[in-house]
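Okay, so here's the structure we're looking at.
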2 protein chains.
Amino acid sequence: MIALRTIALMTQPLVTLDDVRAAAKNIAGIAVRTPLLPCSWEDGLYLKPENLQPMGAFKIRGALHALASLPAAVRAAGVVTESSGNHGQALAYAGRRLAAPVVVVMPDVASPAKIEATRGYGAEVVLVPPAERSSHVQRLVNERGLTFVPPYDHRDIIAGQGTIGLEILADLSDVDTVLVPVGGGGLASGVATAVRSLAPHVTVIGVEPALAADAAESLAAGELRIWPTEQTYRTVADGLRTNLSALTLAHLRVHLAGIVTVTDEEILSTVRVLARSARIVAEPSGAVAMAAYLHRRDELPGGRTVAIVSGGNIEPGLLARVLA
Amino acid sequence: MIALRTIALMTQPLVTLDDVRAAAKNIAGIAVRTPLLPCSWEDGLYLKPENLQPMGAFKIRGALHALASLPAAVRAAGVVTESSGNHGQALAYAGRRLAAPVVVVMPDVASPAKIEATRGYGAEVVLVPPAERSSHVQRLVNERGLTFVPPYDHRDIIAGQGTIGLEILADLSDVDTVLVPVGGGGLASGVATAVRSLAPHVTVIGVEPALAADAAESLAAGELRIWPTEQTYRTVADGLRTNLSALTLAHLRVHLAGIVTVTDEEILSTVRVLARSARIVAEPSGAVAMAAYLHRRDELPGGRTVAIVSGGNIEPGLLARVLA
């Protein structure tokens, strides 16, 4: 019953390995081909440092592929999205590289630094009251002929993020376990699709903050469970406050072995470990996979393990406090 | 006269492109193949993040190649070096990977953290009073049959560090300028040899702290000028306090276009820029090339520029202070 209900919500086919391979061609030369970093202090652990992407997060992959997949005339007419974080910056960066005008609708309460960063990558930023974001995007689609590029609920976005999975297997063919952060589920859907299609024996496990564990609940229930923003906004991992969509849940149900949750304290102490021991700057959302490795070892299958560090756009004051 | 004197000091041929290519084979699969990171906030600037190496610095390249180049029986008998920093840790890491016992002679005033790190990579650490370091290394060579692996004054070390130059050209064939930190000169010698041999039109420029500008003075004089440790130990860039050797000076005279110096204040503020904008943790020595790009633009030729971030082993308290 539950499974049928989920499938009924799904009107699109799942992303395939071929889709991810097509995305790899579209992002080559613009997204950074990040290396796998062996952790000398944790035998068998490797980091995939997506904080090294030009705008600081894996989101550049999906944004590039989504833009590249649009018909040329549609792309030239411009795109719009709604984001106060990495997706908006990624779309802005990708748009500049692919000659697509980009409009990012942001809440007027967004931090000046995030507004500045998004503008800095060349996007037009439109500030609206938080409650009017979606309707304003719709208006821009209607009035200006822009195409909406969602942050995760889109096959091209999922395929783009999945290129990380291809790279992990290319660099470490005998990997046993992949740990991937779960917010809206685009990253986890893409990575799990790529990894499991190429290497079905590999275990892919999602990680999310205990304070925004909607994906764990949705997977356990077999249907989408929406957590209200009052709940999810409690976690410091601001990139993982989003709920799954029907599309990402469908991918995760097929490809993900399970979900592990970590506390905010564990997330922040892992940001410190990553700076001191791996010499990379991670944002809280980017540290959850490594936090699971450090603090939930008994819930993980073990073996050669890759933890995806999904991004590094941490507020400078928070980074200073974490390292003090 | 001066040139003749320098040449007279030199008893070895310069490292060649073929030497560097041989080193690339020896380090493959153990040293990380670091990517070039385009700086989205500085058009035309790329970082080569050697802080991502397993022990946090480029030194792993030279150490691996030097060990791999030893006859098997010599390697198995063990090696020794004198280092309170990255070279000792690099040799320890390389020794563990290549089954070579490693002894690192450290001053008994070295920080417990550095002693711990060196031991952590599997080396035997011998603590001696600072003045007895060299004689103790000599004694270990004589009594235990260990082979001395110097930190930079060695053709294999130079060839190993030069692999960075090969990778830069492979990733950015139309690079115009390469900025490389200069301490003992092993990194600069290797990188300049590789880059200039493959692409003679590229300008390679060394960068050193103004407080340890012995290489600038030596190059201007055309002969080795030794700065006493009382002077060079003033700079916060502890990896760049060393003087050139005759061997590295000979390489730099042939391949380097010039040297630029930066202040300690500029170095530390660049550590902050790298953490905030490039999301990587650099040690002060690792930040000098980027500091030159930010603060000495008028002394640089411009064009597409690569700044080598040579390492990330910064003392945690200093990192916290710099970011506060």
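Ordering of the structure tokens sets the chain letters (A, B, ...); residue numbers start at 1 within each chain; ligands are numbered from 1 in the order shown.
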
For this session: Excluding Gly29 (chain B) and any residue of its chain fewer than 3 positions from it, enumerate the residues within 12 Å of it, using only C-alpha atoms, and give them as an NGL selection string.
Result: (:A and (35-38 or 171-172)) or (:B and (24-26 or 32-34 or 53-54 or 61 or 64 or 94 or 97))

For this session: May I have the residues of chain B within 8 Å of chain A, counting only C-alpha atoms, written as a ChimeraX atom specification?
Result: /B:32-41,51-56,120-121,275-276,278-282,312-313,316-317,319-321,323-324

Output the selection as a compact mmCIF listing (two decimals), in the first residue's frame - C-alpha atoms for each residue.
# COMPACT_ATOMS: atom_id res chain seq x y z
CA VAL B 32 47.50 12.68 -4.03
CA ARG B 33 47.11 13.95 -7.60
CA THR B 34 45.98 17.40 -6.46
CA PRO B 35 43.66 19.38 -8.75
CA LEU B 36 44.06 22.99 -9.82
CA LEU B 37 41.41 25.09 -8.11
CA PRO B 38 40.14 28.09 -10.09
CA CYS B 39 39.52 31.02 -7.74
CA SER B 40 36.06 32.27 -8.52
CA TRP B 41 36.81 35.52 -6.75
CA ASN B 51 47.98 20.94 1.80
CA LEU B 52 45.72 18.06 0.67
CA GLN B 53 48.59 15.57 0.66
CA PRO B 54 48.20 12.77 3.25
CA MET B 55 50.62 14.35 5.72
CA GLY B 56 49.68 17.89 4.73
CA GLY B 120 52.05 8.76 14.37
CA TYR B 121 53.23 8.17 10.81
CA ALA B 275 40.28 29.54 4.63
CA ARG B 276 37.36 31.83 3.91
CA ALA B 278 39.18 28.90 -1.04
CA ARG B 279 38.02 26.77 1.90
CA ILE B 280 41.44 25.25 2.51
CA VAL B 281 43.69 25.38 5.56
CA ALA B 282 47.18 26.64 4.73
CA GLY B 312 48.60 23.04 5.68
CA ASN B 313 50.24 22.04 8.95
CA PRO B 316 45.63 25.00 15.70
CA GLY B 317 45.91 27.94 18.08
CA LEU B 319 44.74 29.16 12.91
CA ALA B 320 42.07 30.08 15.44
CA ARG B 321 43.72 33.46 16.10
CA LEU B 323 40.40 33.47 11.76
CA ALA B 324 39.07 35.29 14.81

For this session: Give me the residues within 7 Å of Leu224 (chain A) as a count of residues only, counting only C-alpha atoms and dropping any in the same chain fewer than 2 places off.
Result: 3

Exercise. Near region 124-134 of chain A, within 12 Å and counting only C-alpha atoms, which residues show up once chain neighbours fewer than 5 positions away are dropped, as a PyMOL selection string?
Worked result: chain A and resi 78-84+88-89+91-93+95-96+100-112+114-119+139-141+148+150

So that I have them on file, write out the residues from the current selection with C-alpha atoms, as a PDB file, in the first residue's frame.
ATOM      1  CA  GLY A  78      17.421  32.758 -18.665  1.00  0.00           C
ATOM      2  CA  VAL A  79      16.684  30.667 -15.603  1.00  0.00           C
ATOM      3  CA  VAL A  80      15.395  31.347 -12.117  1.00  0.00           C
ATOM      4  CA  THR A  81      15.633  29.594  -8.807  1.00  0.00           C
ATOM      5  CA  GLU A  82      14.827  30.149  -5.179  1.00  0.00           C
ATOM      6  CA  SER A  83      17.726  29.678  -2.780  1.00  0.00           C
ATOM      7  CA  SER A  84      19.438  31.367   0.105  1.00  0.00           C
ATOM      8  CA  GLY A  88      21.682  29.796  -5.910  1.00  0.00           C
ATOM      9  CA  GLN A  89      25.423  30.426  -5.967  1.00  0.00           C
ATOM     10  CA  LEU A  91      23.382  28.266 -10.588  1.00  0.00           C
ATOM     11  CA  ALA A  92      24.855  31.767 -10.757  1.00  0.00           C
ATOM     12  CA  TYR A  93      28.344  30.382 -11.345  1.00  0.00           C
ATOM     13  CA  GLY A  95      25.073  30.491 -15.699  1.00  0.00           C
ATOM     14  CA  ARG A  96      28.069  32.747 -16.124  1.00  0.00           C
ATOM     15  CA  ALA A 100      22.669  31.847 -19.241  1.00  0.00           C
ATOM     16  CA  PRO A 101      21.143  34.827 -17.392  1.00  0.00           C
ATOM     17  CA  VAL A 102      20.348  33.714 -13.834  1.00  0.00           C
ATOM     18  CA  VAL A 103      17.840  35.197 -11.391  1.00  0.00           C
ATOM     19  CA  VAL A 104      17.966  34.031  -7.770  1.00  0.00           C
ATOM     20  CA  VAL A 105      14.999  34.792  -5.544  1.00  0.00           C
ATOM     21  CA  MET A 106      16.195  35.143  -1.952  1.00  0.00           C
ATOM     22  CA  PRO A 107      14.366  35.910   1.283  1.00  0.00           C
ATOM     23  CA  ASP A 108      14.889  39.541   2.293  1.00  0.00           C
ATOM     24  CA  VAL A 109      16.164  38.243   5.631  1.00  0.00           C
ATOM     25  CA  ALA A 110      19.109  36.437   3.998  1.00  0.00           C
ATOM     26  CA  SER A 111      22.548  37.416   5.266  1.00  0.00           C
ATOM     27  CA  PRO A 112      24.271  40.239   3.346  1.00  0.00           C
ATOM     28  CA  LYS A 114      25.096  35.325   1.001  1.00  0.00           C
ATOM     29  CA  ILE A 115      23.389  37.976  -1.105  1.00  0.00           C
ATOM     30  CA  GLU A 116      26.783  39.445  -1.944  1.00  0.00           C
ATOM     31  CA  ALA A 117      28.231  36.031  -2.859  1.00  0.00           C
ATOM     32  CA  THR A 118      25.315  35.206  -5.153  1.00  0.00           C
ATOM     33  CA  ARG A 119      25.585  38.582  -6.879  1.00  0.00           C
ATOM     34  CA  ARG A 139       5.679  35.191 -11.472  1.00  0.00           C
ATOM     35  CA  LEU A 140       9.171  35.496 -12.975  1.00  0.00           C
ATOM     36  CA  VAL A 141       8.584  32.313 -14.966  1.00  0.00           C
ATOM     37  CA  PHE A 148      12.766  27.282 -13.149  1.00  0.00           C
ATOM     38  CA  PRO A 150      14.928  23.513  -8.739  1.00  0.00           C
TER      39      PRO A 150
END

For this session: Find the residues near Glu230 (chain A): any atom within 12 Å, counting only C-alpha atoms, skip ones fewer than 3 places away on the same chain, and give them as a list of chain:residue names.
Result: A:Leu211, A:Ala212, A:Ile226, A:Trp227, A:Tyr233, A:Arg234, A:Thr235, A:Arg241, A:Thr242

For this session: Can you pull out every residue within 7 Å of region 196-203 of chain A, counting only C-alpha atoms, but drop anything in the same chain fewer than 3 positions away, and send it as a ChimeraX atom specification?
Result: /A:17,175-178,192-193,255,257

Please write the residues from the selection above to a file, keeping C-alpha atoms, as a PDB file, in the first residue's frame.
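Final output, saved to result13.pdb:
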ATOM      1  CA  LEU A  17      23.839   5.312 -14.992  1.00  0.00           C
ATOM      2  CA  VAL A 175      35.473   0.909  -1.939  1.00  0.00           C
ATOM      3  CA  ASP A 176      33.093  -0.831   0.482  1.00  0.00           C
ATOM      4  CA  THR A 177      30.999   1.991   1.943  1.00  0.00           C
ATOM      5  CA  VAL A 178      30.012   5.495   0.795  1.00  0.00           C
ATOM      6  CA  ALA A 192      23.700   6.096  -4.822  1.00  0.00           C
ATOM      7  CA  THR A 193      22.427   5.605  -8.369  1.00  0.00           C
ATOM      8  CA  HIS A 255      19.595   2.486  -3.811  1.00  0.00           C
ATOM      9  CA  ALA A 257      21.066   0.890   2.463  1.00  0.00           C
TER      10      ALA A 257
END

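Our summary of the geometry notes that CA of Thr270 (chain B) is positioned 26.7 Å from CA of Ala170 (chain B).
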
For this session: From region 71-318 of chain B, collect each residue whose DSSP state is alpha helix (DSSP H) and return the set as a PyMOL selection string.
Result: chain B and resi 72-77+86-97+112-120+133-144+155-171+186-198+214-221+229-232+246-255+264-277+284-295+316-318

Exercise. For Lys48 (chain A), which residue among A:Ala66, A:Val309, A:Ala22, A:Val191 is the nearest when counting only C-alpha atoms?
Worked result: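 Between A:Ala66, A:Val309, A:Ala22, A:Val191, the residue approaching Lys48 (chain A) most closely is A:Val309.
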